[in-house]
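Have a look at coords_30.pdb; it's PDB, C-alpha atoms:
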```pdb
ATOM      1  CA  MET B 222      11.339  -7.894 -14.807
ATOM      2  CA  ALA B 223      11.186  -4.492 -13.148
ATOM      3  CA  ARG B 224      12.910  -2.912 -10.163
ATOM      4  CA  LEU B 225      10.096  -2.053  -7.765
ATOM      5  CA  GLY B 226       9.777  -0.703  -4.247
ATOM      6  CA  PHE B 227       7.137  -1.211  -1.574
ATOM      7  CA  LEU B 228       6.665   0.830   1.590
ATOM      8  CA  GLY B 229       4.419  -0.354   4.417
ATOM      9  CA  LEU B 230       4.180  -4.042   5.281
ATOM     10  CA  GLY B 231       0.991  -4.274   7.318
ATOM     11  CA  ILE B 232      -2.086  -6.459   6.882
ATOM     12  CA  MET B 233      -2.535  -5.258   3.298
ATOM     13  CA  GLY B 234       0.958  -4.161   2.333
ATOM     14  CA  ALA B 235       2.867  -7.342   3.178
ATOM     15  CA  PRO B 236       0.855  -9.669   0.916
ATOM     16  CA  MET B 237       0.744  -7.052  -1.836
ATOM     17  CA  ALA B 238       4.533  -6.793  -1.732
ATOM     18  CA  GLN B 239       4.831 -10.567  -1.625
ATOM     19  CA  ASN B 240       2.751 -10.875  -4.788
ATOM     20  CA  LEU B 241       5.016  -8.419  -6.605
ATOM     21  CA  ARG B 242       7.968 -10.581  -5.602
ATOM     22  CA  LYS B 243       6.161 -13.753  -6.697
ATOM     23  CA  ALA B 244       5.704 -12.144 -10.117
ATOM     24  CA  GLY B 245       9.491 -12.102 -10.415
ATOM     25  CA  HIS B 246      10.208  -8.417  -9.874
ATOM     26  CA  ASP B 247      13.238  -7.192  -7.973
ATOM     27  CA  LEU B 248      11.813  -5.641  -4.833
ATOM     28  CA  ALA B 249      13.136  -3.081  -2.340
ATOM     29  CA  VAL B 250      11.117  -2.803   0.881
ATOM     30  CA  TRP B 251      10.834  -0.398   3.796
ATOM     31  CA  SER B 252       8.628  -0.297   6.866
ATOM     32  CA  ASN B 253       8.395   2.034   9.826
ATOM     33  CA  ASN B 254       8.890  -1.211  11.763
ATOM     34  CA  THR B 255      12.504  -2.005  10.841
ATOM     35  CA  GLY B 256      12.355  -5.572  12.131
ATOM     36  CA  LYS B 257       9.299  -6.312  10.004
ATOM     37  CA  ALA B 258      11.046  -5.075   6.855
ATOM     38  CA  GLU B 259      14.201  -7.044   7.639
ATOM     39  CA  ARG B 260      12.208 -10.240   8.179
ATOM     40  CA  PHE B 261      10.220  -9.711   4.993
ATOM     41  CA  ALA B 262      13.371  -9.083   2.953
ATOM     42  CA  LYS B 263      15.028 -12.232   4.282
ATOM     43  CA  ALA B 264      11.946 -14.408   3.778
ATOM     44  CA  HIS B 265      11.184 -13.249   0.234
ATOM     45  CA  GLY B 266      14.546 -12.386  -1.263
ATOM     46  CA  ALA B 267      13.896  -8.641  -1.305
ATOM     47  CA  LYS B 268      16.265  -5.750  -0.614
ATOM     48  CA  PHE B 269      15.891  -4.232   2.858
ATOM     49  CA  CYS B 270      16.032  -0.428   2.855
ATOM     50  CA  LYS B 271      16.698   1.834   5.802
ATOM     51  CA  SER B 272      14.636   4.710   4.407
ATOM     52  CA  PRO B 273      12.000   5.422   1.756
ATOM     53  CA  ALA B 274      14.640   7.407  -0.142
ATOM     54  CA  GLU B 275      16.848   4.311  -0.367
ATOM     55  CA  ALA B 276      13.927   2.293  -1.723
ATOM     56  CA  ALA B 277      13.231   4.988  -4.323
ATOM     57  CA  THR B 278      16.867   5.020  -5.468
ATOM     58  CA  ALA B 279      16.677   1.278  -6.120
ATOM     59  CA  SER B 280      13.351   1.389  -7.985
ATOM     60  CA  GLU B 281      11.694   2.605 -11.164
ATOM     61  CA  CYS B 282       8.269   2.422  -9.535
ATOM     62  CA  VAL B 283       7.460   2.479  -5.811
ATOM     63  CA  PHE B 284       4.180   1.448  -4.207
ATOM     64  CA  LEU B 285       3.179   2.420  -0.701
ATOM     65  CA  CYS B 286       0.355   1.352   1.582
ATOM     66  CA  VAL B 287       0.430   3.224   4.889
ATOM     67  CA  GLY B 288      -2.112   4.122   7.536
ATOM     68  CA  ASP B 289      -3.096   7.756   7.088
ATOM     69  CA  THR B 290      -2.500  11.052   5.322
ATOM     70  CA  ALA B 291       0.300  12.221   7.627
ATOM     71  CA  MET B 292       2.211   8.966   7.140
ATOM     72  CA  SER B 293       1.770   9.150   3.378
ATOM     73  CA  ARG B 294       3.045  12.734   3.198
ATOM     74  CA  GLU B 295       6.052  11.935   5.388
ATOM     75  CA  VAL B 296       7.220   8.848   3.481
ATOM     76  CA  ILE B 297       6.803  10.638   0.149
ATOM     77  CA  LEU B 298       7.897  14.226   0.847
ATOM     78  CA  GLY B 299       9.779  13.955   4.148
ATOM     79  CA  GLU B 300      13.506  14.580   4.558
ATOM     80  CA  SER B 301      14.329  10.922   3.820
ATOM     81  CA  GLY B 302      11.171  10.320   1.779
ATOM     82  CA  LEU B 303      10.708   9.003  -1.724
ATOM     83  CA  ARG B 304      11.215  12.389  -3.372
ATOM     84  CA  ALA B 305      14.723  12.553  -1.918
ATOM     85  CA  GLY B 306      15.782   9.357  -3.694
ATOM     86  CA  ALA B 307      13.570   9.023  -6.762
ATOM     87  CA  LYS B 308      14.931   9.676 -10.226
ATOM     88  CA  PRO B 309      13.068  11.939 -12.675
ATOM     89  CA  GLY B 310      10.630   9.862 -14.690
ATOM     90  CA  SER B 311      10.109   7.293 -11.936
ATOM     91  CA  VAL B 312       6.616   6.585 -10.592
ATOM     92  CA  VAL B 313       5.202   6.715  -7.061
ATOM     93  CA  VAL B 314       1.920   4.853  -6.501
ATOM     94  CA  ASP B 315       0.090   5.529  -3.248
ATOM     95  CA  CYS B 316      -2.314   2.684  -2.417
ATOM     96  CA  SER B 317      -3.151   4.233   0.949
ATOM     97  CA  THR B 318      -6.581   5.733   1.646
ATOM     98  CA  VAL B 319      -5.828   9.383   2.416
ATOM     99  CA  ALA B 320      -7.337  12.852   1.995
ATOM    100  CA  PRO B 321      -7.892  13.519  -1.737
ATOM    101  CA  SER B 322      -6.994  17.222  -1.506
ATOM    102  CA  GLU B 323      -3.663  16.470   0.173
ATOM    103  CA  SER B 324      -2.926  13.684  -2.308
ATOM    104  CA  VAL B 325      -3.350  16.204  -5.125
ATOM    105  CA  GLU B 326      -0.852  18.485  -3.352
ATOM    106  CA  ILE B 327       1.618  15.585  -3.100
ATOM    107  CA  ALA B 328       1.208  14.917  -6.832
ATOM    108  CA  GLU B 329       1.974  18.560  -7.590
ATOM    109  CA  GLU B 330       5.081  18.528  -5.377
ATOM    110  CA  LEU B 331       6.405  15.392  -7.079
ATOM    111  CA  HIS B 332       5.666  16.817 -10.530
ATOM    112  CA  ARG B 333       7.997  19.720  -9.769
ATOM    113  CA  SER B 334      10.755  17.138  -9.286
ATOM    114  CA  GLY B 335       9.884  15.283 -12.490
ATOM    115  CA  ILE B 336       8.360  12.335 -10.624
ATOM    116  CA  GLU B 337       5.067  10.782 -11.757
ATOM    117  CA  PHE B 338       2.347   9.991  -9.212
ATOM    118  CA  LEU B 339      -0.811   7.904  -9.018
ATOM    119  CA  ASP B 340      -3.322   7.649  -6.202
ATOM    120  CA  ALA B 341      -4.500   4.038  -6.312
ATOM    121  CA  PRO B 342      -6.425   2.997  -3.190
ATOM    122  CA  CYS B 343      -7.642  -0.570  -3.222
ATOM    123  CA  THR B 344     -10.425  -2.680  -1.802
ATOM    124  CA  GLY B 345     -10.693  -6.372  -1.048
ATOM    125  CA  SER B 346      -9.321  -6.465   2.505
ATOM    126  CA  LYS B 347      -6.809  -9.042   3.711
ATOM    127  CA  ALA B 348      -8.175 -11.904   1.624
ATOM    128  CA  GLY B 349      -7.962  -9.863  -1.568
ATOM    129  CA  ALA B 350      -4.409  -8.788  -0.810
ATOM    130  CA  GLU B 351      -3.337 -12.365  -0.107
ATOM    131  CA  GLY B 352      -5.101 -13.778  -3.158
ATOM    132  CA  ALA B 353      -4.002 -11.013  -5.556
ATOM    133  CA  THR B 354      -7.663 -10.218  -6.277
ATOM    134  CA  LEU B 355      -7.763  -6.589  -5.135
ATOM    135  CA  THR B 356      -9.766  -3.891  -6.880
ATOM    136  CA  PHE B 357      -7.868  -0.654  -7.551
ATOM    137  CA  MET B 358      -9.339   2.795  -8.167
ATOM    138  CA  VAL B 359      -6.738   4.944  -9.899
ATOM    139  CA  GLY B 360      -6.286   8.696 -10.248
ATOM    140  CA  GLY B 361      -3.543  10.430 -12.215
ATOM    141  CA  HIS B 362      -2.338  10.572 -15.798
ATOM    142  CA  LYS B 363      -3.791   7.723 -17.867
ATOM    143  CA  GLU B 364      -0.552   7.130 -19.769
ATOM    144  CA  VAL B 365       1.314   6.637 -16.484
ATOM    145  CA  PHE B 366      -1.254   4.114 -15.284
ATOM    146  CA  ASP B 367      -1.052   2.260 -18.610
ATOM    147  CA  ARG B 368       2.717   2.094 -18.258
ATOM    148  CA  VAL B 369       2.709   0.545 -14.783
ATOM    149  CA  ARG B 370      -0.510  -1.461 -15.064
ATOM    150  CA  PRO B 371       1.376  -4.790 -15.397
ATOM    151  CA  PHE B 372       2.648  -4.264 -11.840
ATOM    152  CA  PHE B 373      -0.906  -3.724 -10.581
ATOM    153  CA  GLU B 374      -1.902  -6.978 -12.257
ATOM    154  CA  ALA B 375       0.393  -8.896  -9.911
ATOM    155  CA  MET B 376      -1.709  -7.654  -6.979
ATOM    156  CA  GLY B 377      -5.275  -7.346  -8.251
ATOM    157  CA  LYS B 378      -7.801  -8.349 -10.868
ATOM    158  CA  THR B 379     -10.068  -5.301 -11.319
ATOM    159  CA  PHE B 380      -8.877  -1.809 -12.209
ATOM    160  CA  TYR B 381     -10.863   1.401 -12.580
ATOM    161  CA  TYR B 382      -9.227   4.474 -14.034
ATOM    162  CA  CYS B 383     -11.210   7.274 -12.386
ATOM    163  CA  GLY B 384      -9.610  10.412 -13.811
ATOM    164  CA  ASP B 385      -7.054  12.996 -12.741
ATOM    165  CA  HIS B 386      -5.136  13.093  -9.444
ATOM    166  CA  GLY B 387      -7.324  12.501  -6.398
ATOM    167  CA  MET B 388     -10.176  10.854  -8.286
ATOM    168  CA  GLY B 389      -9.220   7.310  -7.305
ATOM    169  CA  LEU B 390      -9.402   8.389  -3.681
ATOM    170  CA  ARG B 391     -12.773  10.064  -4.146
ATOM    171  CA  ALA B 392     -14.144   6.841  -5.599
ATOM    172  CA  LYS B 393     -12.649   4.710  -2.824
ATOM    173  CA  LEU B 394     -13.963   6.972  -0.066
ATOM    174  CA  THR B 395     -17.440   6.907  -1.597
ATOM    175  CA  GLN B 396     -17.345   3.122  -1.514
ATOM    176  CA  ASN B 397     -16.279   3.139   2.118
ATOM    177  CA  LEU B 398     -18.929   5.730   2.975
ATOM    178  CA  ILE B 399     -21.607   3.322   1.764
ATOM    179  CA  LEU B 400     -19.912   0.348   3.404
ATOM    180  CA  GLY B 401     -19.669   2.137   6.764
ATOM    181  CA  ASN B 402     -23.333   3.110   6.707
ATOM    182  CA  LEU B 403     -24.348  -0.435   5.725
ATOM    183  CA  LEU B 404     -22.342  -1.714   8.675
ATOM    184  CA  GLN B 405     -24.260   0.486  11.108
ATOM    185  CA  ALA B 406     -27.591  -0.521   9.556
ATOM    186  CA  PHE B 407     -26.640  -4.174  10.058
ATOM    187  CA  ASN B 408     -25.549  -3.525  13.633
ATOM    188  CA  GLU B 409     -28.802  -1.780  14.521
ATOM    189  CA  GLY B 410     -31.034  -4.258  12.716
ATOM    190  CA  LEU B 411     -29.489  -7.434  14.082
ATOM    191  CA  VAL B 412     -29.245  -6.140  17.636
ATOM    192  CA  MET B 413     -32.903  -5.146  17.488
ATOM    193  CA  SER B 414     -34.113  -8.438  15.970
ATOM    194  CA  THR B 415     -31.999 -10.492  18.381
ATOM    195  CA  LYS B 416     -33.295  -8.486  21.334
ATOM    196  CA  ALA B 417     -36.823  -9.225  20.088
ATOM    197  CA  GLY B 418     -36.082 -12.951  19.968
ATOM    198  CA  VAL B 419     -35.480 -13.585  16.255
ATOM    199  CA  ASP B 420     -32.671 -16.097  15.694
ATOM    200  CA  PRO B 421     -29.754 -14.230  14.032
ATOM    201  CA  GLU B 422     -29.116 -16.940  11.450
ATOM    202  CA  LEU B 423     -32.785 -16.943  10.478
ATOM    203  CA  MET B 424     -32.671 -13.156  10.206
ATOM    204  CA  LEU B 425     -29.667 -13.365   7.880
ATOM    205  CA  GLU B 426     -31.465 -15.908   5.706
ATOM    206  CA  ILE B 427     -34.420 -13.542   5.460
ATOM    207  CA  LEU B 428     -32.138 -10.644   4.513
ATOM    208  CA  ASN B 429     -30.372 -12.757   1.896
ATOM    209  CA  ASN B 430     -33.710 -13.471   0.235
ATOM    210  CA  SER B 431     -35.057  -9.938   0.292
ATOM    211  CA  ALA B 432     -34.440  -6.536  -1.246
ATOM    212  CA  ALA B 433     -32.155  -5.822   1.728
ATOM    213  CA  ARG B 434     -29.660  -8.423   0.550
ATOM    214  CA  SER B 435     -26.024  -7.244   0.762
ATOM    215  CA  GLY B 436     -22.897  -9.141  -0.185
ATOM    216  CA  PHE B 437     -21.028  -7.218   2.506
ATOM    217  CA  ILE B 438     -23.505  -8.243   5.216
ATOM    218  CA  SER B 439     -23.548 -11.838   3.966
ATOM    219  CA  ALA B 440     -19.768 -11.941   4.291
ATOM    220  CA  LYS B 441     -19.509 -10.280   7.715
ATOM    221  CA  ALA B 442     -22.517 -11.724   9.561
ATOM    222  CA  PRO B 443     -21.127 -15.269  10.046
ATOM    223  CA  ALA B 444     -18.062 -13.856  11.815
ATOM    224  CA  VAL B 445     -20.324 -11.880  14.165
ATOM    225  CA  PHE B 446     -22.433 -14.971  14.864
ATOM    226  CA  ARG B 447     -19.358 -16.983  15.898
ATOM    227  CA  ARG B 448     -17.870 -13.985  17.763
ATOM    228  CA  ASP B 449     -14.775 -13.904  15.564
ATOM    229  CA  PHE B 450     -13.492 -10.324  15.358
ATOM    230  CA  SER B 451     -10.005 -11.114  14.024
ATOM    231  CA  THR B 452      -8.874  -8.264  11.817
ATOM    232  CA  ASN B 453      -9.382  -8.053   8.090
ATOM    233  CA  PHE B 454     -10.255  -4.339   8.076
ATOM    234  CA  SER B 455      -9.960  -2.656  11.440
ATOM    235  CA  VAL B 456     -12.462  -0.343  13.114
ATOM    236  CA  LYS B 457      -9.853   2.402  13.475
ATOM    237  CA  TRP B 458      -9.100   2.503   9.751
ATOM    238  CA  LEU B 459     -12.756   2.575   8.700
ATOM    239  CA  GLU B 460     -13.351   5.381  11.196
ATOM    240  CA  LYS B 461     -10.419   7.220   9.633
ATOM    241  CA  ASP B 462     -11.903   6.765   6.159
ATOM    242  CA  MET B 463     -15.330   7.968   7.287
ATOM    243  CA  ALA B 464     -13.697  11.053   8.799
ATOM    244  CA  LEU B 465     -11.942  11.693   5.479
ATOM    245  CA  MET B 466     -15.275  11.448   3.678
ATOM    246  CA  VAL B 467     -16.908  13.876   6.104
ATOM    247  CA  GLY B 468     -14.031  16.274   5.459
ATOM    248  CA  ALA B 469     -14.171  15.860   1.685
ATOM    249  CA  ALA B 470     -17.924  16.412   1.732
ATOM    250  CA  ALA B 471     -17.443  19.621   3.722
ATOM    251  CA  GLU B 472     -15.020  20.896   1.072
ATOM    252  CA  MET B 473     -17.777  20.422  -1.538
ATOM    253  CA  ASN B 474     -20.592  21.671   0.725
ATOM    254  CA  VAL B 475     -22.344  18.282   0.565
ATOM    255  CA  PRO B 476     -24.253  17.256   3.725
ATOM    256  CA  VAL B 477     -23.522  13.683   4.880
ATOM    257  CA  PRO B 478     -25.465  13.322   8.158
ATOM    258  CA  LEU B 479     -25.653   9.505   8.147
ATOM    259  CA  THR B 480     -21.928   9.231   7.513
ATOM    260  CA  ALA B 481     -21.124  11.619  10.366
ATOM    261  CA  LEU B 482     -23.210   9.538  12.762
ATOM    262  CA  SER B 483     -21.668   6.282  11.547
ATOM    263  CA  GLN B 484     -18.219   7.770  12.084
ATOM    264  CA  GLN B 485     -19.097   8.701  15.656
ATOM    265  CA  LEU B 486     -20.378   5.188  16.389
ATOM    266  CA  LEU B 487     -17.109   3.773  15.067
ATOM    267  CA  ARG B 488     -15.233   6.247  17.250
ATOM    268  CA  THR B 489     -17.280   4.970  20.182
ATOM    269  CA  ALA B 490     -16.130   1.448  19.352
ATOM    270  CA  ILE B 491     -12.535   2.673  19.392
ATOM    271  CA  ALA B 492     -13.092   4.331  22.789
ATOM    272  CA  LYS B 493     -14.419   1.023  24.130
ATOM    273  CA  GLY B 494     -11.212  -0.758  23.071
ATOM    274  CA  TYR B 495     -12.358  -2.348  19.819
ATOM    275  CA  GLY B 496     -10.309  -0.184  17.435
ATOM    276  CA  ASP B 497      -7.728  -2.737  16.332
ATOM    277  CA  GLU B 498     -10.285  -5.487  15.725
ATOM    278  CA  ASP B 499     -12.342  -6.098  12.609
ATOM    279  CA  ILE B 500     -15.103  -3.672  11.708
ATOM    280  CA  CYS B 501     -17.755  -6.326  12.367
ATOM    281  CA  GLY B 502     -16.768  -6.133  16.040
ATOM    282  CA  SER B 503     -18.235  -2.636  16.195
ATOM    283  CA  ILE B 504     -21.620  -4.269  16.781
ATOM    284  CA  ARG B 505     -20.602  -4.631  20.431
ATOM    285  CA  VAL B 506     -21.252  -0.927  21.017
ATOM    286  CA  LEU B 507     -24.998  -1.533  20.638
ATOM    287  CA  GLU B 508     -24.844  -5.004  22.157
ATOM    288  CA  ASP B 509     -23.252  -3.596  25.314
ATOM    289  CA  THR B 510     -25.877  -0.857  25.460
ATOM    290  CA  VAL B 511     -28.898  -3.159  25.324
ATOM    291  CA  GLY B 512     -27.418  -6.278  26.946
ATOM    292  CA  VAL B 513     -27.682  -8.780  24.114
ATOM    293  CA  GLN B 514     -25.222 -10.675  21.901
ATOM    294  CA  VAL B 515     -25.845 -11.426  18.243
ATOM    295  CA  LYS B 516     -24.492 -14.964  18.023
ATOM    296  CA  SER B 517     -25.279 -18.438  16.780
ATOM    297  CA  ALA B 518     -26.489 -21.090  19.199
ATOM    298  CA  GLY B 519     -23.103 -22.792  19.316
ATOM    299  CA  ALA B 520     -20.919 -19.684  19.593
ATOM    300  CA  GLY B 521     -18.585 -19.696  22.581
ATOM    301  CA  LYS B 522     -19.268 -23.324  23.551
ATOM    302  CA  GLN B 523     -16.352 -25.617  24.356
ATOM    303  CA  THR B 524     -15.852 -28.481  21.892
TER     304      THR B 524
END
```
So that I can check it, write out the structure of this file as structure tokens.
Amino acid sequence: MARLGFLGLGIMGAPMAQNLRKAGHDLAVWSNNTGKAERFAKAHGAKFCKSPAEAATASECVFLCVGDTAMSREVILGESGLRAGAKPGSVVVDCSTVAPSESVEIAEELHRSGIEFLDAPCTGSKAGAEGATLTFMVGGHKEVFDRVRPFFEAMGKTFYYCGDHGMGLRAKLTQNLILGNLLQAFNEGLVMSTKAGVDPELMLEILNNSAARSGFISAKAPAVFRRDFSTNFSVKWLEKDMALMVGAAAEMNVPVPLTALSQQLLRTAIAKGYGDEDICGSIRVLEDTVGVQVKSAGAGKQT
């Protein structure tokens, strides 16, 4: 069994780390929330670390799953970051969804210290993290990925090697670009049909038996209908990913007008106080505007 590290113990990170521990690996953990890391270490027999550097010193391979690009850069390259404690030849795997160009810069900085790096964002949300069924999109040196792939297999079931550094992130952001635009299409369509008097559940059945069928919509619609916006993938993190895609597109001079508008609608949801809730709750921006709720007949009734 290997000596591994994991940084970031949020909705995705905690179950991912737990699955590495279940696979029998020695695990060193760190979180910006010290209490969370201490509780995780005690509950799962892991080593609590006071800094990312301490986790790196104890590990041959360290995974991290943090919120944004600034957090990723700090925990990897900061004064007490992974670079400060990692041994030459060790591997850092960033499962966060961050700016591809900055991730490439991080890879170059680590290479100067003899440390290998992979960008490996994942998809599957909370359920995939808990069930060890995540899909990973990996960028970096293929031989490094092949070496650490058994660790990935404790957390996921589908793996795509996408190319050199940054390419896993470009693939992941493209997926989220499409997902975010699908979400807004669903929001607009269901608010409009509900306002017109079409039963939402009937509308979903029609969609599921038409060319507009979407597995994403089929999965999210029932939660909207029962007004359950508990978080699997929060509005604020999808908005962050859409902003990253707008930025990446600008670097390549690719126009993404639909994505820019979808990002702004998600930002509106954040401004209205929905940022920490699930992305399906963003439908309330349009609902509030037109005065209708997309819900099933029994939603909200006392039982």
Select from region 387-428 of chain B every residue with an atom at most 12 Å from any atom of region 484-497 of chain B, then for each give the shortest pair of atoms and their distance in Å to one decimal, using only C-alpha atoms, rows by chain and rising number, as a tab-separated table.
```
residue	atom	partner	partner_atom	distance
B:Asn397	CA	B:Gln484	CA	11.2
B:Leu398	CA	B:Gln484	CA	9.4
B:Ile399	CA	B:Gln484	CA	11.7
B:Leu400	CA	B:Gln484	CA	11.5
B:Gly401	CA	B:Gln484	CA	7.9
B:Asn402	CA	B:Gln484	CA	8.8
B:Leu404	CA	B:Leu487	CA	9.9
B:Gln405	CA	B:Leu486	CA	8.1
B:Ala406	CA	B:Leu486	CA	11.5
B:Asn408	CA	B:Leu486	CA	10.5
B:Glu409	CA	B:Leu486	CA	11.1
```
Nearby residues (only C-alpha atoms) at most 12 Å from Glu329 (chain B), same-chain spacing under 3 positions excluded, as JSON, numbers by chain: {"B": [298, 304, 322, 323, 324, 325, 326, 332, 333, 334, 335, 336, 337, 338, 339, 361, 385, 386, 387]}
Explicit residues for the PyMOL selection byres ((chain B and resi 317) around 9) (as a list of chain:residue names): B:Leu285, B:Cys286, B:Val287, B:Gly288, B:Asp289, B:Thr290, B:Ser293, B:Asp315, B:Cys316, B:Thr318, B:Val319, B:Asp340, B:Ala341, B:Pro342, B:Cys343, B:Leu390
Shell of 8 Å around Leu507 (chain B), all atoms listed in the file, local chain residues under 2 positions omitted, as a list of chain:residue names: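 Counting only the stated atoms, we get B:Asn408, B:Glu409, B:Val412, B:Ile504, B:Arg505, B:Asp509, B:Thr510, B:Val511.
Take CA of Gly468 (chain B) and CA of Met388 (chain B): the distance between them is 15.3 Å.
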Result set of the PyMOL selection byres ((chain B and resi 375) around 7) on the coordinates above, as an mmCIF file with C-alpha atoms, keeping the file's coordinate frame:
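The file below, out-v6.cif, is the result:
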```cif
data_model
loop_
_atom_site.group_PDB
_atom_site.id
_atom_site.type_symbol
_atom_site.label_atom_id
_atom_site.label_comp_id
_atom_site.auth_asym_id
_atom_site.auth_seq_id
_atom_site.Cartn_x
_atom_site.Cartn_y
_atom_site.Cartn_z
ATOM 1 C CA ASN B 240 2.751 -10.875 -4.788
ATOM 2 C CA LEU B 241 5.016 -8.419 -6.605
ATOM 3 C CA ALA B 244 5.704 -12.144 -10.117
ATOM 4 C CA ALA B 353 -4.002 -11.013 -5.556
ATOM 5 C CA PRO B 371 1.376 -4.790 -15.397
ATOM 6 C CA PHE B 372 2.648 -4.264 -11.840
ATOM 7 C CA PHE B 373 -0.906 -3.724 -10.581
ATOM 8 C CA GLU B 374 -1.902 -6.978 -12.257
ATOM 9 C CA MET B 376 -1.709 -7.654 -6.979
ATOM 10 C CA GLY B 377 -5.275 -7.346 -8.251
#
```
Top pick for closest residue to Arg294 (chain B), considering B:Gly352, B:Pro309, B:Gly256, B:Pro273 and counting only C-alpha atoms: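 Looking at the shortest contact to Arg294 (chain B), the residue is B:Pro273.
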Hits from the PyMOL selection byres ((chain B and resi 448) around 9), listed as a ChimeraX atom specification: /B:443-447,449-450,502,515-517,520-521
Give me the residues within 10 Å of Val250 (chain B) as an mmCIF file with C-alpha atoms, in the coordinates of the input, counting all atoms listed in the file and dropping any in the same chain fewer than 3 places off.
```
data_model
loop_
_atom_site.group_PDB
_atom_site.id
_atom_site.type_symbol
_atom_site.label_atom_id
_atom_site.label_comp_id
_atom_site.auth_asym_id
_atom_site.auth_seq_id
_atom_site.Cartn_x
_atom_site.Cartn_y
_atom_site.Cartn_z
ATOM 1 C CA LEU B 225 10.096 -2.053 -7.765
ATOM 2 C CA GLY B 226 9.777 -0.703 -4.247
ATOM 3 C CA PHE B 227 7.137 -1.211 -1.574
ATOM 4 C CA LEU B 228 6.665 0.830 1.590
ATOM 5 C CA GLY B 229 4.419 -0.354 4.417
ATOM 6 C CA LEU B 230 4.180 -4.042 5.281
ATOM 7 C CA ALA B 235 2.867 -7.342 3.178
ATOM 8 C CA ALA B 238 4.533 -6.793 -1.732
ATOM 9 C CA LYS B 257 9.299 -6.312 10.004
ATOM 10 C CA ALA B 258 11.046 -5.075 6.855
ATOM 11 C CA GLU B 259 14.201 -7.044 7.639
ATOM 12 C CA PHE B 261 10.220 -9.711 4.993
ATOM 13 C CA ALA B 262 13.371 -9.083 2.953
ATOM 14 C CA ALA B 267 13.896 -8.641 -1.305
ATOM 15 C CA LYS B 268 16.265 -5.750 -0.614
ATOM 16 C CA PHE B 269 15.891 -4.232 2.858
ATOM 17 C CA CYS B 270 16.032 -0.428 2.855
ATOM 18 C CA LYS B 271 16.698 1.834 5.802
ATOM 19 C CA SER B 272 14.636 4.710 4.407
ATOM 20 C CA PRO B 273 12.000 5.422 1.756
ATOM 21 C CA GLU B 275 16.848 4.311 -0.367
ATOM 22 C CA ALA B 276 13.927 2.293 -1.723
ATOM 23 C CA ALA B 277 13.231 4.988 -4.323
ATOM 24 C CA ALA B 279 16.677 1.278 -6.120
ATOM 25 C CA VAL B 283 7.460 2.479 -5.811
ATOM 26 C CA PHE B 284 4.180 1.448 -4.207
ATOM 27 C CA LEU B 285 3.179 2.420 -0.701
#
```
